[in-house]
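For reference, query24.txt is printed below; it contains compact mmCIF, C-alpha atoms.
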# COMPACT_ATOMS: atom_id res chain seq x y z
CA MET O 1422 -10.45 76.73 179.66
CA ASP O 1423 -12.41 76.50 182.93
CA SER O 1424 -9.16 76.18 184.87
CA LEU O 1425 -7.63 79.15 183.02
CA SER O 1426 -10.74 81.27 183.63
CA ARG O 1427 -10.62 80.54 187.35
CA GLU O 1428 -6.93 81.48 187.55
CA ILE O 1429 -7.56 84.76 185.72
CA ALA O 1430 -10.44 85.59 188.07
CA GLU O 1431 -8.16 85.07 191.07
CA LEU O 1432 -5.50 87.48 189.81
CA SER O 1433 -5.17 90.69 191.78
CA PRO O 1434 -4.84 94.02 189.89
CA VAL O 1435 -2.55 95.36 192.65
CA THR O 1436 0.99 94.12 193.41
CA THR O 1437 1.81 94.28 197.12
CA PHE O 1438 5.38 93.93 198.30
CA GLY O 1439 7.69 94.54 201.23
CA ARG O 1440 11.45 94.56 201.68
CA VAL O 1441 13.91 92.14 203.29
CA VAL O 1442 15.34 93.83 206.38
CA ALA O 1443 17.12 90.90 208.10
CA VAL O 1444 18.20 87.30 207.56
CA ARG O 1445 18.96 85.12 210.60
CA GLY O 1446 19.87 81.57 209.75
CA LEU O 1447 16.96 80.46 207.57
CA MET O 1448 14.60 83.10 208.95
CA ILE O 1449 13.88 86.08 206.69
CA GLU O 1450 12.37 89.23 208.20
CA VAL O 1451 10.25 91.35 205.85
CA ALA O 1452 9.05 94.89 206.58
CA GLY O 1453 6.28 96.65 204.69
CA PRO O 1454 2.53 96.20 204.38
CA ILE O 1455 2.28 93.34 206.87
CA HIS O 1456 -1.46 94.03 207.20
CA GLU O 1457 -1.72 92.45 203.72
CA MET O 1458 -0.01 89.27 204.97
CA SER O 1459 -1.17 86.47 207.20
CA VAL O 1460 0.32 83.26 208.53
CA GLY O 1461 0.55 81.00 205.50
CA SER O 1462 0.83 83.83 202.96
CA ARG O 1463 3.24 83.20 200.10
CA LEU O 1464 5.97 85.65 199.16
CA ALA O 1465 8.24 85.75 196.11
CA ILE O 1466 11.60 87.29 197.06
CA ASP O 1467 13.59 88.80 194.19
CA ALA O 1468 17.18 87.67 194.80
CA ALA O 1469 20.36 88.43 192.87
CA SER O 1470 20.90 87.22 189.27
CA GLY O 1471 17.17 87.15 188.63
CA ARG O 1472 16.48 84.32 191.09
CA VAL O 1473 13.10 84.22 192.79
CA VAL O 1474 13.01 82.56 196.20
CA PRO O 1475 9.50 81.48 197.27
CA ALA O 1476 8.82 81.86 200.98
CA GLU O 1477 5.97 81.54 203.46
CA VAL O 1478 4.97 83.71 206.40
CA VAL O 1479 5.23 81.66 209.60
CA GLY O 1480 4.77 84.43 212.18
CA PHE O 1481 5.12 88.10 213.09
CA GLN O 1482 7.35 90.05 215.43
CA GLY O 1483 6.65 93.72 215.93
CA ASP O 1484 6.25 95.34 212.52
CA ARG O 1485 7.99 92.53 210.64
CA ALA O 1486 6.79 89.32 209.03
CA LEU O 1487 8.87 86.23 209.79
CA CYS O 1488 9.29 84.05 206.70
CA LEU O 1489 10.95 80.75 205.84
CA PRO O 1490 12.11 79.90 202.30
CA PHE O 1491 11.11 77.01 200.05
CA GLY O 1492 14.58 77.08 198.46
CA ALA O 1493 18.19 78.14 199.02
CA LEU O 1494 18.86 81.66 200.29
CA GLU O 1495 21.82 82.39 197.99
CA GLY O 1496 21.45 85.84 196.48
CA VAL O 1497 19.02 87.21 199.10
CA ARG O 1498 20.28 90.53 200.49
CA MET O 1499 19.05 93.54 202.42
CA GLY O 1500 16.39 95.49 200.56
CA CYS O 1501 15.30 92.67 198.24
CA ARG O 1502 11.69 93.03 197.16
CA ALA O 1503 9.27 90.46 198.64
CA VAL O 1504 6.07 90.30 196.58
CA VAL O 1505 2.93 88.93 198.26
CA ALA O 1506 2.04 86.15 195.80
CA ALA O 1507 -1.00 84.47 197.32
CA ALA O 1508 -3.02 84.34 200.53
CA ASP O 1509 -2.47 80.60 200.94
CA GLY O 1510 -1.34 77.54 199.01
CA SER O 1511 -3.69 75.71 196.68
CA ILE O 1512 -3.43 73.22 193.82
CA ARG O 1513 -5.65 72.04 190.95
CA PRO O 1514 -5.15 68.28 190.60
CA SER O 1515 -6.79 66.23 187.88
CA ASP O 1516 -6.86 62.66 186.56
CA ALA O 1517 -3.92 63.58 184.33
CA TRP O 1518 -1.76 63.59 187.50
CA LEU O 1519 -2.01 59.79 187.72
CA GLY O 1520 1.32 58.22 186.84
CA ARG O 1521 3.22 61.42 187.63
CA VAL O 1522 5.92 62.36 190.16
CA VAL O 1523 5.70 65.90 191.54
CA ASN O 1524 7.41 68.00 194.19
CA ALA O 1525 5.88 69.79 197.16
CA LEU O 1526 4.98 72.80 195.00
CA GLY O 1527 3.08 70.70 192.47
CA GLU O 1528 5.84 70.90 189.85
CA PRO O 1529 6.70 67.79 187.78
CA LEU O 1530 9.90 65.88 188.58
CA ASP O 1531 9.58 63.07 186.03
CA GLY O 1532 10.44 64.95 182.83
CA LYS O 1533 7.06 64.13 181.25
CA GLY O 1534 6.08 67.73 180.62
CA PRO O 1535 3.79 70.14 182.48
CA LEU O 1536 0.97 68.93 184.71
CA PRO O 1537 -2.53 69.58 183.30
CA GLN O 1538 -4.53 71.57 185.84
CA GLY O 1539 -8.00 70.62 187.02
CA ALA O 1540 -11.03 72.89 187.34
CA VAL O 1541 -11.37 72.78 191.13
CA SER O 1542 -8.88 74.47 193.45
CA ARG O 1543 -7.83 72.44 196.50
CA HIS O 1544 -6.43 74.12 199.60
CA LEU O 1545 -3.32 72.41 200.90
CA ARG O 1546 -4.44 72.82 204.51
CA ALA O 1547 -8.09 71.90 204.10
CA GLY O 1548 -9.86 70.57 207.17
CA PRO O 1549 -11.36 67.09 207.48
CA PRO O 1550 -15.07 66.51 206.81
CA PRO O 1551 -17.29 67.37 209.81
CA ALA O 1552 -17.50 64.42 212.20
CA GLY O 1553 -21.29 64.34 212.04
CA GLU O 1554 -21.33 64.10 208.24
CA ARG O 1555 -18.70 61.42 207.76
CA ALA O 1556 -19.62 57.94 206.62
CA ARG O 1557 -18.58 54.97 208.70
CA VAL O 1558 -15.50 52.88 207.98
CA GLY O 1559 -16.20 50.35 205.23
CA GLY O 1560 -15.57 46.64 204.95
CA PRO O 1561 -12.20 44.85 205.08
CA ILE O 1562 -9.65 45.79 202.43
CA ASP O 1563 -7.20 43.31 200.91
CA LEU O 1564 -3.64 44.53 201.53
CA GLY O 1565 -1.96 41.59 199.81
CA VAL O 1566 0.28 40.90 202.86
CA ARG O 1567 -0.56 37.69 204.76
CA ALA O 1568 0.49 38.86 208.21
CA LEU O 1569 -1.67 42.00 207.95
CA ASN O 1570 -4.69 40.50 206.20
CA THR O 1571 -4.92 37.73 208.77
CA PHE O 1572 -3.85 39.23 212.08
CA VAL O 1573 -4.17 43.02 211.61
CA THR O 1574 -7.14 43.30 209.25
CA CYS O 1575 -7.60 46.81 207.87
CA CYS O 1576 -10.89 48.32 206.72
CA ARG O 1577 -11.65 50.76 203.90
CA GLY O 1578 -11.22 54.28 205.25
CA GLN O 1579 -9.11 53.21 208.24
CA ARG O 1580 -5.87 54.92 209.29
CA MET O 1581 -2.96 52.70 210.29
CA GLY O 1582 0.58 53.49 211.42
CA ILE O 1583 3.66 51.40 210.58
CA PHE O 1584 6.05 51.84 213.53
CA ALA O 1585 9.67 50.81 213.08
CA GLY O 1586 13.25 51.87 213.63
CA SER O 1587 15.60 52.67 210.77
CA GLY O 1588 16.60 49.79 208.51
CA VAL O 1589 13.88 47.39 209.66
CA GLY O 1590 12.05 47.26 206.31
CA LYS O 1591 9.12 49.65 206.59
CA SER O 1592 9.77 51.21 203.15
CA VAL O 1593 9.74 47.76 201.52
CA LEU O 1594 6.49 46.92 203.32
CA LEU O 1595 5.06 50.24 202.11
CA SER O 1596 5.98 49.35 198.52
CA MET O 1597 4.20 46.00 198.85
CA LEU O 1598 1.08 47.74 200.12
CA ALA O 1599 1.26 50.27 197.27
CA ARG O 1600 1.27 47.49 194.68
CA TYR O 1601 -1.14 44.98 196.18
CA THR O 1602 -3.81 46.95 198.09
CA SER O 1603 -7.15 46.82 196.26
CA THR O 1604 -8.08 50.51 195.86
CA ASP O 1605 -8.84 52.75 192.87
CA VAL O 1606 -6.01 55.26 193.33
CA ALA O 1607 -2.82 55.45 195.40
CA VAL O 1608 -1.31 58.76 196.56
CA ILE O 1609 2.20 58.33 197.95
CA GLY O 1610 4.06 61.03 199.87
CA LEU O 1611 7.83 60.57 200.30
CA VAL O 1612 8.60 63.16 202.99
CA GLY O 1613 12.28 63.65 203.84
CA GLU O 1614 13.21 60.55 201.84
CA ARG O 1615 16.79 59.79 200.78
CA GLY O 1616 17.33 61.13 197.28
CA ARG O 1617 18.91 57.94 195.92
CA GLU O 1618 15.94 55.84 197.05
CA VAL O 1619 13.27 57.79 195.17
CA GLN O 1620 13.98 56.29 191.73
CA GLU O 1621 14.53 52.85 193.28
CA PHE O 1622 11.11 53.05 194.94
CA ILE O 1623 9.37 54.22 191.76
CA GLU O 1624 11.05 51.84 189.30
CA ASP O 1625 11.77 48.71 191.36
CA ASP O 1626 9.20 48.70 194.16
CA LEU O 1627 6.20 50.50 192.65
CA GLY O 1628 6.74 49.44 189.02
CA GLU O 1629 4.94 50.65 185.91
CA ALA O 1630 1.59 49.09 186.84
CA GLY O 1631 1.66 50.58 190.33
CA LEU O 1632 2.74 54.01 189.10
CA ALA O 1633 -0.04 54.11 186.50
CA ARG O 1634 -2.66 54.36 189.24
CA SER O 1635 -0.58 56.50 191.58
CA VAL O 1636 0.52 60.06 192.22
CA VAL O 1637 3.91 60.34 193.95
CA ILE O 1638 4.83 63.50 195.89
CA VAL O 1639 8.52 63.84 196.76
CA ALA O 1640 10.47 66.09 199.12
CA THR O 1641 13.95 64.74 199.81
CA SER O 1642 15.87 65.12 203.08
CA ASP O 1643 18.10 67.90 201.72
CA GLU O 1644 15.18 70.23 200.97
CA PRO O 1645 14.11 73.01 203.38
CA ALA O 1646 11.72 72.25 206.22
CA LEU O 1647 8.88 74.10 204.49
CA MET O 1648 9.15 71.85 201.43
CA ARG O 1649 9.12 68.71 203.58
CA ARG O 1650 6.08 69.91 205.52
CA GLN O 1651 4.29 71.00 202.38
CA ALA O 1652 4.85 67.60 200.76
CA ALA O 1653 2.65 66.12 203.51
CA TYR O 1654 -0.06 68.74 202.91
CA MET O 1655 0.17 68.16 199.15
CA THR O 1656 -0.24 64.39 199.63
CA PHE O 1657 -3.50 64.84 201.50
CA ALA O 1658 -4.83 67.52 199.14
CA VAL O 1659 -4.36 65.23 196.13
CA ALA O 1660 -5.95 62.31 198.00
CA GLU O 1661 -8.95 64.49 198.91
CA HIS O 1662 -9.44 65.39 195.24
CA PHE O 1663 -9.88 61.74 194.24
CA ARG O 1664 -11.95 60.99 197.36
CA ASP O 1665 -14.42 63.75 196.52
CA GLU O 1666 -14.81 62.21 193.06
CA GLY O 1667 -16.17 59.07 194.73
CA ARG O 1668 -13.05 56.91 194.53
CA ASP O 1669 -11.42 54.75 197.18
CA VAL O 1670 -7.94 56.16 197.75
CA LEU O 1671 -4.90 54.60 199.40
CA CYS O 1672 -2.90 57.44 200.96
CA MET O 1673 0.59 56.49 202.12
CA MET O 1674 3.22 58.71 203.67
CA ASP O 1675 6.83 57.91 204.56
CA SER O 1676 7.17 59.28 207.10
CA VAL O 1677 5.06 61.13 209.67
CA THR O 1678 8.15 61.52 211.87
CA ARG O 1679 9.95 63.58 209.22
CA PHE O 1680 6.86 65.79 208.92
CA ALA O 1681 7.04 66.33 212.69
CA MET O 1682 10.76 67.10 212.47
CA ALA O 1683 10.11 69.67 209.73
CA GLN O 1684 7.41 71.30 211.84
CA ARG O 1685 9.81 71.35 214.79
CA GLU O 1686 12.42 73.17 212.68
CA ILE O 1687 9.82 75.72 211.59
CA GLY O 1688 8.55 76.26 215.14
CA LEU O 1689 12.02 76.69 216.62
CA ALA O 1690 13.03 79.11 213.86
CA ALA O 1691 9.91 81.19 214.58
CA GLY O 1692 10.85 81.40 218.26
CA GLU O 1693 8.48 78.78 219.63
CA PRO O 1694 9.67 77.18 222.90
CA PRO O 1695 10.72 73.52 222.74
CA ALA O 1696 8.69 71.01 224.72
CA SER O 1697 9.05 67.22 224.76
CA LYS O 1698 12.43 66.12 223.28
CA GLY O 1699 12.76 69.47 221.53
CA TYR O 1700 9.43 69.14 219.70
CA THR O 1701 7.43 72.35 219.82
CA PRO O 1702 3.74 72.48 220.86
CA THR O 1703 2.60 73.10 217.27
CA VAL O 1704 3.95 69.68 216.28
CA PHE O 1705 1.32 68.02 218.46
CA THR O 1706 -1.31 70.44 217.15
CA GLU O 1707 -0.50 69.81 213.48
CA LEU O 1708 -0.32 66.00 213.73
CA PRO O 1709 -4.04 65.42 214.43
CA ARG O 1710 -5.03 68.18 211.97
CA LEU O 1711 -3.08 66.37 209.26
CA LEU O 1712 -3.96 62.76 210.03
CA GLU O 1713 -7.68 63.42 210.61
CA ARG O 1714 -7.94 64.36 206.93
CA ALA O 1715 -7.67 60.65 206.09
CA GLY O 1716 -10.63 58.35 206.63
CA PRO O 1717 -14.09 58.01 205.13
CA GLY O 1718 -15.56 61.01 203.35
CA ARG O 1719 -19.11 62.28 203.57
CA VAL O 1720 -21.92 59.84 202.86
CA GLY O 1721 -21.90 59.13 199.14
CA GLU O 1722 -18.24 60.13 198.66
CA GLY O 1723 -15.19 57.91 198.46
CA SER O 1724 -12.73 57.16 201.24
CA ILE O 1725 -9.06 57.65 202.10
CA THR O 1726 -7.39 54.60 203.63
CA GLY O 1727 -4.27 55.93 205.35
CA LEU O 1728 -1.05 53.97 205.90
CA PHE O 1729 1.67 56.08 207.52
CA THR O 1730 5.16 55.07 208.58
CA VAL O 1731 6.53 56.32 211.89
CA LEU O 1732 10.31 56.26 212.41
CA VAL O 1733 10.81 55.51 216.10
CA GLU O 1734 14.04 56.96 217.50
CA GLY O 1735 16.37 54.39 219.04
CA ASP O 1736 13.71 51.67 218.60
CA ASN O 1737 11.77 53.37 221.41
CA HIS O 1738 8.10 52.94 220.52
CA ASN O 1739 7.08 55.31 223.33
CA GLU O 1740 9.00 58.38 222.13
CA PRO O 1741 6.83 61.55 221.81
CA VAL O 1742 5.89 61.44 218.10
CA ALA O 1743 5.18 57.70 218.07
CA ASP O 1744 3.10 58.01 221.23
CA ALA O 1745 1.09 60.94 219.84
CA VAL O 1746 0.47 59.29 216.45
CA ARG O 1747 -0.54 55.98 218.03
CA GLY O 1748 -3.29 57.81 219.93
CA ILE O 1749 -4.61 59.49 216.77
CA LEU O 1750 -4.71 56.55 214.34
CA ASP O 1751 -7.07 53.57 214.20
CA GLY O 1752 -4.37 50.98 214.73
CA HIS O 1753 -0.65 50.35 214.57
CA ILE O 1754 1.65 47.83 212.87
CA VAL O 1755 4.80 47.19 214.92
CA MET O 1756 7.99 46.10 213.15
CA GLU O 1757 10.88 44.92 215.33
CA ARG O 1758 14.61 44.81 214.73
CA GLN O 1759 14.99 41.46 216.52
CA ILE O 1760 12.65 39.83 213.99
CA ALA O 1761 14.51 41.41 211.06
CA GLU O 1762 17.82 40.18 212.49
CA ARG O 1763 16.45 36.62 212.35
CA GLY O 1764 15.91 37.13 208.60
CA ARG O 1765 12.10 37.12 208.65
CA TYR O 1766 10.58 39.86 206.47
CA PRO O 1767 8.32 41.72 206.76
CA ALA O 1768 9.48 41.97 210.38
CA ILE O 1769 5.96 42.44 211.81
CA ASN O 1770 5.24 41.52 215.42
CA VAL O 1771 1.60 40.49 215.04
CA LEU O 1772 1.13 40.15 218.81
CA LYS O 1773 1.97 43.83 219.41
CA SER O 1774 0.12 45.10 216.32
CA VAL O 1775 -3.49 46.23 216.68
CA SER O 1776 -6.31 47.12 214.29
CA ARG O 1777 -9.15 48.85 216.13
CA THR O 1778 -11.69 47.94 213.45
CA MET O 1779 -10.66 44.28 213.18
CA PRO O 1780 -13.25 42.77 215.57
CA ARG O 1781 -16.12 43.62 213.23
CA ALA O 1782 -14.11 43.15 210.01
CA ILE O 1783 -13.27 39.45 210.13
CA PRO O 1784 -15.80 36.68 209.34
CA GLU O 1785 -17.33 35.07 212.42
CA ALA O 1786 -16.20 31.61 211.30
CA ARG O 1787 -12.56 32.75 211.17
CA ARG O 1788 -12.39 34.22 214.70
CA PRO O 1789 -11.50 30.94 216.52
CA LEU O 1790 -8.77 30.32 213.93
CA ILE O 1791 -7.08 33.67 214.54
CA THR O 1792 -7.53 33.47 218.32
CA GLU O 1793 -5.93 30.04 218.52
CA ALA O 1794 -3.00 31.02 216.30
CA LYS O 1795 -2.26 34.13 218.38
CA ARG O 1796 -2.55 32.14 221.61
CA LEU O 1797 0.00 29.58 220.39
CA MET O 1798 2.40 32.29 219.18
CA ALA O 1799 2.08 34.08 222.52
CA THR O 1800 2.77 30.81 224.36
CA TYR O 1801 5.94 30.28 222.34
CA GLY O 1802 6.98 33.90 222.94
CA ASP O 1803 6.57 33.50 226.71
CA MET O 1804 8.70 30.34 226.77
CA GLU O 1805 11.18 31.29 224.05
CA GLU O 1806 14.13 32.01 226.34
CA LEU O 1807 13.69 28.75 228.24
CA ILE O 1808 13.38 26.83 224.98
CA ARG O 1809 16.57 28.36 223.53
CA LEU O 1810 18.49 27.66 226.75
CA GLY O 1811 17.27 24.06 226.80
CA ALA O 1812 15.60 24.56 230.18
CA TYR O 1813 12.19 23.42 228.95
CA ARG O 1814 11.59 19.67 229.06
CA LYS O 1815 9.38 18.24 226.34
CA GLY O 1816 6.12 16.86 227.72
CA SER O 1817 5.86 19.35 230.60
CA SER O 1818 2.96 21.15 228.91
CA PRO O 1819 0.93 19.92 225.89
CA GLU O 1820 0.20 23.51 224.85
CA VAL O 1821 3.86 24.52 224.88
CA ASP O 1822 4.75 21.33 222.99
CA ARG O 1823 2.20 22.24 220.29
CA ALA O 1824 3.45 25.83 220.15
CA ILE O 1825 7.02 24.58 219.63
CA ALA O 1826 5.91 22.16 216.92
CA LEU O 1827 3.95 24.79 214.98
CA ASN O 1828 6.38 27.70 215.38
CA PRO O 1829 8.40 26.96 212.16
CA ALA O 1830 5.12 26.86 210.20
CA PHE O 1831 3.98 30.17 211.73
CA GLU O 1832 7.32 31.79 210.89
CA ALA O 1833 7.04 30.58 207.28
CA PHE O 1834 3.47 31.90 207.11
CA LEU O 1835 4.48 35.36 208.35
CA GLN O 1836 7.46 35.57 205.97
CA GLN O 1837 6.63 36.96 202.52
CA GLY O 1838 8.74 38.19 199.60
CA LYS O 1839 8.11 41.67 198.24
CA SER O 1840 7.13 40.24 194.83
CA GLU O 1841 4.56 37.89 196.39
CA SER O 1842 0.89 38.73 196.99
CA THR O 1843 -1.61 36.73 199.06
CA SER O 1844 -5.36 37.33 199.19
CA MET O 1845 -7.34 37.35 202.44
CA ALA O 1846 -9.10 34.06 201.67
CA GLU O 1847 -5.83 32.35 200.79
CA GLY O 1848 -4.26 33.59 204.01
CA TYR O 1849 -7.09 32.17 206.13
CA ASP O 1850 -6.89 28.83 204.30
CA ARG O 1851 -3.12 28.56 204.84
CA LEU O 1852 -3.49 29.36 208.53
CA ALA O 1853 -6.23 26.75 208.90
CA ALA O 1854 -3.98 24.16 207.23
CA ILE O 1855 -1.21 24.92 209.76
CA LEU O 1856 -3.52 24.53 212.77
CA THR O 1857 -5.04 21.28 211.52
CA SER O 1858 -1.71 19.70 210.63
Reformat the file's structure so that it appears as structure tokens.
Amino acid sequence: MDSLSREIAELSPVTTFGRVVAVRGLMIEVAGPIHEMSVGSRLAIDAASGRVVPAEVVGFQGDRALCLPFGALEGVRMGCRAVVAAADGSIRPSDAWLGRVVNALGEPLDGKGPLPQGAVSRHLRAGPPPAGERARVGGPIDLGVRALNTFVTCCRGQRMGIFAGSGVGKSVLLSMLARYTSTDVAVIGLVGERGREVQEFIEDDLGEAGLARSVVIVATSDEPALMRRQAAYMTFAVAEHFRDEGRDVLCMMDSVTRFAMAQREIGLAAGEPPASKGYTPTVFTELPRLLERAGPGRVGEGSITGLFTVLVEGDNHNEPVADAVRGILDGHIVMERQIAERGRYPAINVLKSVSRTMPRAIPEARRPLITEAKRLMATYGDMEELIRLGAYRKGSSPEVDRAIALNPAFEAFLQQGKSESTSMAEGYDRLAAILTS
């Protein structure tokens, strides 16, 4: 009843509408009372055959509002009425959303009936908590993946990026983190995902137990750019709801790159000039505004631990989006195709991966263990070509000899099946056993 009362109070007694005067590609131009519209305003365009096409104002040109649709444009013609539906997007999540799969508009996709609405309205583009009021990052969080727990330790409220090219296994790693990370709630955003992989991810990778404590937001690759961008905003809005209730939330998004691509499409359609590799300036404005929403909440609130995949184009980890995201987040996990080609999964290069909070997150007694293991792996990496060519002669260096002897054990330690979980303590103990063997 509280939710219904709030919705009734927000209803406007006046219906404001304009008319469609032009359609160029995906851009719809609307004339009329543009003083009643603003960037982000929602419109409902009455198309042929009774269809209603939702759209959003993305800019203005002269006396016309420039709008992009959330759906297909079939049936939209000159003179169609465009009703101003709302000033901006908002949702009302609740605990009843746990275990549900929704789209970027907050509509159910799982066939389990309507979504019960909560009492509090959440803006999709809410800002992060003020920097001066935020709590500090918490203690180490168990991710269930040996390579990450041991060498790239993540803390509660930290934001990490998973950087990889296509087909290297980042989605499988994400599914492992969704199942095994020790948090209260998981909010998973599949932005621009392949349609056939959605059910596979939910049923095979996430499973019933994982879905029961999760909310999954889906916008597939065939949907309009606005839907793909909004799926990212929806993911963070839902995560903020549970954070403000005092819970520790795991917020995962696959992928940030597809969010950037959607924003690029929107910017180019609105007439924004392209900059680096065709990405418009607003892409690099929206990325920090989005990703800063993750992290610890205010003192006394919960936290949002963010794990975001970044699809690097052509395996170039220095391309514009990857470079920008790496500078925003609190660490990065690098996955390499060469490691995947050797058959070792997850294909994480622990020497190139960094967690900025790790130095104060690991126990003091474990530091020498991790330092020695990384030193030996780096030694083997430096000499790997010589070893494979047979140019290295055994006995030339005791340290290289030890690195060669322990390399098979390190490779076995870093390899982990997606149905296998390892705690932090168990990971440290296994690494200690390797170094003392």
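If you measure from each of O:Cys1501, O:Ala1658, O:Val1670, O:Val1566 to Asp1605 in chain O using only C-alpha atoms, the closest one turns out to be O:Val1670.
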Give me the residues within 10 Å of Ser1596 in chain O as a PyMOL selection string, counting all atoms listed in the file and dropping any in the same chain fewer than 3 places off. chain O and resi 1591-1593+1599-1601+1609+1622-1623+1625-1628+1631+1673+1839-1840
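Within the 12 Å cut-off around Arg1777 in chain O, using only C-alpha atoms and omitting residues fewer than 6 positions from it on the same chain, the listed residues are Val1558, Phe1572, Val1573, Thr1574, Cys1575, Cys1576, Gln1579, Arg1580, Met1581, Gly1582, Arg1747, Gly1748, Ile1749, Leu1750, Asp1751, Gly1752, His1753, Ile1754 and Ile1783 of chain O.
Pairwise distance (CA of Ala1607 in chain O, CA of Glu1740 in chain O) equals 29.4 Å.
Between Ala1486 in chain O and the residues O:Gly1838, O:Pro1549, O:Gly1461, O:Gly1588, the shortest atom-to-atom distance, using all atoms listed in the file, involves O:Gly1461.
Remark: for Gly1699 in chain O, the closest of the candidate residues O:Val1742, O:Met1674, O:Ala1830, O:Leu1487 is O:Val1742 (distances computed over all atoms listed in the file).
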Neighbour list for Leu1647 in chain O as a PDB file with C-alpha atoms, in the coordinates of the input, cut-off 12 Å, all atoms listed in the file, skip fewer than 4 positions in-chain:
ATOM      1  CA  LEU O1447      16.960  80.460 207.570  1.00  0.00           C
ATOM      2  CA  MET O1448      14.600  83.100 208.950  1.00  0.00           C
ATOM      3  CA  GLY O1461       0.550  81.000 205.500  1.00  0.00           C
ATOM      4  CA  ARG O1463       3.240  83.200 200.100  1.00  0.00           C
ATOM      5  CA  PRO O1475       9.500  81.480 197.270  1.00  0.00           C
ATOM      6  CA  ALA O1476       8.820  81.860 200.980  1.00  0.00           C
ATOM      7  CA  GLU O1477       5.970  81.540 203.460  1.00  0.00           C
ATOM      8  CA  VAL O1478       4.970  83.710 206.400  1.00  0.00           C
ATOM      9  CA  VAL O1479       5.230  81.660 209.600  1.00  0.00           C
ATOM     10  CA  CYS O1488       9.290  84.050 206.700  1.00  0.00           C
ATOM     11  CA  LEU O1489      10.950  80.750 205.840  1.00  0.00           C
ATOM     12  CA  PRO O1490      12.110  79.900 202.300  1.00  0.00           C
ATOM     13  CA  PHE O1491      11.110  77.010 200.050  1.00  0.00           C
ATOM     14  CA  GLY O1492      14.580  77.080 198.460  1.00  0.00           C
ATOM     15  CA  ALA O1493      18.190  78.140 199.020  1.00  0.00           C
ATOM     16  CA  ALA O1525       5.880  69.790 197.160  1.00  0.00           C
ATOM     17  CA  LEU O1526       4.980  72.800 195.000  1.00  0.00           C
ATOM     18  CA  VAL O1612       8.600  63.160 202.990  1.00  0.00           C
ATOM     19  CA  GLY O1613      12.280  63.650 203.840  1.00  0.00           C
ATOM     20  CA  ALA O1640      10.470  66.090 199.120  1.00  0.00           C
ATOM     21  CA  THR O1641      13.950  64.740 199.810  1.00  0.00           C
ATOM     22  CA  SER O1642      15.870  65.120 203.080  1.00  0.00           C
ATOM     23  CA  ASP O1643      18.100  67.900 201.720  1.00  0.00           C
ATOM     24  CA  GLN O1651       4.290  71.000 202.380  1.00  0.00           C
ATOM     25  CA  ALA O1652       4.850  67.600 200.760  1.00  0.00           C
ATOM     26  CA  ALA O1653       2.650  66.120 203.510  1.00  0.00           C
ATOM     27  CA  TYR O1654      -0.060  68.740 202.910  1.00  0.00           C
ATOM     28  CA  MET O1655       0.170  68.160 199.150  1.00  0.00           C
ATOM     29  CA  ARG O1679       9.950  63.580 209.220  1.00  0.00           C
ATOM     30  CA  PHE O1680       6.860  65.790 208.920  1.00  0.00           C
ATOM     31  CA  ALA O1681       7.040  66.330 212.690  1.00  0.00           C
ATOM     32  CA  MET O1682      10.760  67.100 212.470  1.00  0.00           C
ATOM     33  CA  ALA O1683      10.110  69.670 209.730  1.00  0.00           C
ATOM     34  CA  GLN O1684       7.410  71.300 211.840  1.00  0.00           C
ATOM     35  CA  ARG O1685       9.810  71.350 214.790  1.00  0.00           C
ATOM     36  CA  GLU O1686      12.420  73.170 212.680  1.00  0.00           C
ATOM     37  CA  ILE O1687       9.820  75.720 211.590  1.00  0.00           C
ATOM     38  CA  GLY O1688       8.550  76.260 215.140  1.00  0.00           C
ATOM     39  CA  ALA O1690      13.030  79.110 213.860  1.00  0.00           C
TER      40      ALA O1690
END
Write out as a PyMOL selection string which residues come within 12 Å of range 1791-1800 of chain O when counting only C-alpha atoms, dropping same-chain ones fewer than 4 positions away. chain O and resi 1568-1574+1770-1774+1779-1780+1783-1787+1804-1808+1818-1832+1834-1835+1848-1857
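Using only C-alpha atoms, the shortest contact distance between Arg1664 in chain O and any of O:Ala1833, O:Val1497, O:Ala1443, O:Val1720 is found at O:Val1720.
Ranking O:Ser1515, O:Gln1759, O:Thr1843, O:Gln1837 by their shortest atom-to-atom distance to Asp1563 in chain O, with only C-alpha atoms included, puts O:Thr1843 first.
Here CA of Ala1633 in chain O and CA of Glu1614 in chain O stand 21.3 Å from one another.
You will find CA of Glu1713 in chain O at 18.2 Å from CA of Arg1668 in chain O.
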Excluding Arg1555 in chain O and its own-chain neighbours fewer than 4 positions away, which residues fall within 9 Å of it when counting only C-alpha atoms? Please give them as a ChimeraX atom specification. /O:1550-1551,1716-1720
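Counting only C-alpha atoms, the residue from O:Leu1632, O:Ala1691, O:Ala1503, O:Val1639 that sits nearest to Val1460 in chain O is O:Ala1691.
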